[in-house]
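Peer 1: Structure in structure tokens, see below.
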Amino acid sequence: MENFDLFISYRRSQALAVQAAVASLEQAGISCFLDTTDIAPLADFPEGLHGAIANSKALLVWWSADYADSEHCMAELTLGWQYARAQSSDVSQRIWVVNPELTTDHICAGELQSSNLLAGNSLHDATLTAQLTEKLATLTTPLSNEQQTVAAASYGSQAQAVSKHFTGRLRELWQLRSLLHPAKISQTNRLVAIQTHGIAGIGKTELARAYVDKFNAAYPGGVFWLNLAPLDSEAHVDDNSMRRVWADAVREALDWGGQSGFYRDSAGQYLEAQPLWEKLQQQGPWQSQPVLWLLDNVPVLNTQTYHQLQRWLTAPMANSHTLITTRFAGELAGFKPLNLAPLDHIAALRLLCSYRDFTKAEQPLAEQLVQQTGAHTLALVLAGEYLKHSSYQQLIEGFDSQQVLPVIEQIAALLAADLGNKAVGIVATFSLSLQWLDDKAKRLLALACQCEGNSAFPVAVLKDAAKALFQQDEMQSSIALRCLSQAALMQQSEQRVRMTDGSTYHEPMLELHPLTIAASWQLLCKQQDLALPTAIKLQQYLIAAVLTHFDQVEDNRQHPTIHPYLALAHFLPQQHCSAEAFGLRHRLGRFYMHAGAIPKCRSPVQLANASQKPYYYQMNTKTS
């Protein structure tokens with residue numbers, strides 16, 4: 001493919017001005033790639049543009065007022081940034097911005113807004129031509145020929161699971177980049193909160209994962225991903241509960257990154273939250289390198305509680321950037337908010353297309369679905385999986401039939417605070433997904449709904465508990481599990497387990513969104529013909545399955561195999577009081593005692609008694 005000096009990224013609305021500018025540049029001996037073909041809004045990013053960017057020495061962005069409205073333009077910028085960052089942290093060597101507008105408020109290009117913003121407002125200017133000629137004279141190779149950087153160290157498995165269907169959020173990705181890396185040196189803010197103002201399931205975590213995927217090269221010190229979902233199950237969040245959940249999340253992240261010895265003292269005891277925070281601040285391979293500290297699923301708390309817990313929401317390291325995701329709509333001191341809205345109309349249609357393309361005749365049906373669900377991301381994902389084995393016509397017919405059911409309205413009313421005025425349509429997509437499941441898959445889903453939302457748990461637990469549910473029929477549980485994953489009602493991932501001898505293996509994990517738990521459980525309980533055990537009985541099956549993995553708590557060499565089960569072992573006993581729940585607390589206490597996490601002078605029985613609270617069962621419908 002032909003090589004170029006400049007790849008020019010621009011909106012077609014600016015075609016006349018850009019074409020005139022290119023003519024002036026080429027007269028000065030600067031070769032330019034300028035794509036003049038119209039790209040349909042719903043089309044995939046053209047493969048030819050990948051090659052053109054790769055074979056250009058630099059990327060020139062014509063940042064007009066409507067530039068960021070184009071997903072394709074933002075994709076060109078993102079790809080150019082990744083190529084430029086592969087050579088140097090100074091991306092101004094390869095990416096330059098021309099602003100044809102009178103103000104700069106419309107530009108959300110992170111660090112590109114200052115050092116990369118060329119003088120003038122038109123490529124006709126002789127000054128700009130001279131600037132570009134001087135910059136290009138120092139470049140001898142195309143963007144793709146630069147040495148590729150090594151991906152940042154990852155501390156936390158969640159940072160790895162980027163959805164292949166992620167779409168429509170590149171503007172938000174660059175807004176996030178601009179907030180974390182302000183263009184002006186005087187703007188030192190490095191604390192950003194992705195907030196959704198109450199609407200659950202529209203993609204906070206997915207946006208964070210996509211940011212890590214696209215921009216991890218900017219954090220050579222590593223990316224720390226801490227999941228604070230366990231705080232949602234706390235009856236009262238205070239400094240003690242925050243310290244405990246924070247320390248557990250840090251340990252899990254360090255385990256994933258191969259730093260399991262970091263959170264122990266010289267005697268092999270677990271460091272408590274404060275000394276662990278101080279050690280992270282002063283030691284570790286991430287020192288003197290930029291770090292991204294990401295706290296996912298920060299619960300909805302009142303402003304006063306947030307203020308009291310402020311120190312645990314920011315990174316310990318000096319050279320760090322902190323990002324949190326939360327549904328809290330209020331002001332967080334020190335944090336710049338990025339308010340995440342549902343997908344826009346075009347992005348929502350593109351998401352559906354990623355599952356099944358539609359014809360011109362089917363487009364009104366796709367648009368109807370987008371309108372009735374309010375472009376809600378999780379609802380569209382469920383519909384997309386449905387479309388893999390159905391047509392748009394069948395989808396809409398089934399969707400409309402679900403919406404008129406009284407039970408949908410009842411459940412939507414319960415979840416309206418989390419879903420807004422499109423609750424009926426969103427709940428209808430869950431109901432439609434359940435229609436494709438047989439009774440065994442539904443019962444397995446009911447079992448999974450007793451686990452904690454947004455917190456991964458081992459597949460082995462669900463399969464072992466399902467043996468009691470299906471009377472030892474393991475084949476049925478495997479088939480049911482596959483059906484639930486195919487319907488997008490649960491997501492599969494892996495957790496790296498590093499043994500004491502240095503060997504590693506990957507534990508298969510599952511995760512349910514809290515909205516999936518709330519909506520699915522309510523829908524399943526309303527089905528009169530479904531032989532569904534009580535919630536307490538299902539929890540007892542799970543507790544029994546977890547207990548089998550705590551048999552070797554006295555053997556420290558086997559402790560890494562227990563780590564994937566800890567979050568569920570903490571969560572399940574909080575749901576009700578029973579002999580099984582007390583037994584799991586007792587076993588958990590023994591594990592922590594032998595692991596060096598609690599003083600050995602306290603017996604497991606004392607720990608279990610101290611942690612036993614008068615919990616009464618209530619289905620957790622939080623959807624943060």
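Residues are named by chain letter and number: chains run A, B, ... in the order of the structure tokens, numbers start at 1 in each chain, and ligands are numbered from 1 in the order shown.
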Could you please write out, as number ranges by chain, every residue of region 90-234 of chain A that DSSP assigns to helix (DSSP H, G or I)?

Peer 2: A: 91-93, 110-113, 126-137, 143-145, 157-160, 170-180, 204-218, 229-233

Peer 1: DSSP says strand (DSSP E or B) for which residues of region 232-445 of chain A? Put them as an MDAnalysis selection string?

Peer 2: chainID A and resid 264 270 291:298 320:326 336:339

Peer 1: Give me the residues within 12 Å of region 279-281 of chain A as a VMD selection string, counting only C-alpha atoms and dropping any in the same chain fewer than 2 places off.

Peer 2: chain A and resid 224 247 250 to 251 254 259 262 to 265 271 to 277 283 to 288 291 293 314 to 320

Peer 1: With a cut-off of 8 Å, could you pull out the residues of region 194-260 of chain A touching region 168-173 of chain A and give me the nearest pair of atoms for each, distance in Å to one decimal, using only C-alpha atoms, ordered by chain and ascending number, as JSON lines?

Peer 2:
{"residue": "A:Leu207", "atom": "CA", "partner": "A:Leu173", "partner_atom": "CA", "distance": 7.1}
{"residue": "A:Ala210", "atom": "CA", "partner": "A:Leu173", "partner_atom": "CA", "distance": 7.8}
{"residue": "A:Tyr211", "atom": "CA", "partner": "A:Leu173", "partner_atom": "CA", "distance": 6.1}

Peer 1: Could you list, as a PyMOL selection string, every residue within 9 Å of Gly203 (chain A), counting only C-alpha atoms and ignoring same-chain residues fewer than 5 positions away?

Peer 2: chain A and resi 196+208+340+342+376-378

Peer 1: Tell me which protein, DNA and RNA residues are within 9 Å of Leu139 (chain A), counting only C-alpha atoms, leaving out same-chain ones fewer than 6 positions away, and put them as a PyMOL selection string.

Peer 2: chain A and resi 5+57-58+93-94

Peer 1: As number ranges by chain, please: the residues near Gly80 (chain A) (cut-off 12 Å, only C-alpha atoms, same-chain neighbours under 2 positions excluded).

Peer 2: A: 6-9, 49-61, 73-78, 82-87, 91-96, 112, 142-144, 146, 214-215

Peer 1: Any idea what's packed within 10 Å of Leu176 (chain A), counting only C-alpha atoms, ignoring anything in its chain fewer than 6 positions away? Could you give it as a VMD selection string?

Peer 2: chain A and resid 108 to 110 170 182 192 to 194 207 to 208 211 323 336 to 338

Peer 1: Quick one: of A:Ala218, A:Cys451, A:Ser157, A:Ala23, who's nearest to Ala249 (chain A), counting only C-alpha atoms?

Peer 2: A:Ser157

Peer 1: Measuring atom to atom with only C-alpha atoms, identify which of A:Gln527, A:Ser31, A:Ser431, A:Thr359 is nearest to Leu136 (chain A).

Peer 2: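 Closest candidate: A:Ser31.
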
Peer 1: For the interface of region 529-571 of chain A with region 462-468 of chain A (cut-off 6 Å, counting only C-alpha atoms), please tabulate each contacting residue of region 529-571 of chain A alongside its nearest pair of atoms and their separation in Å to one decimal, rows sorted by chain and increasing number, as JSON lines.

Peer 2:
{"residue": "A:Tyr541", "atom": "CA", "partner": "A:Ala465", "partner_atom": "CA", "distance": 5.0}
{"residue": "A:Leu542", "atom": "CA", "partner": "A:Ala465", "partner_atom": "CA", "distance": 5.2}
{"residue": "A:Ala545", "atom": "CA", "partner": "A:Ala465", "partner_atom": "CA", "distance": 5.3}
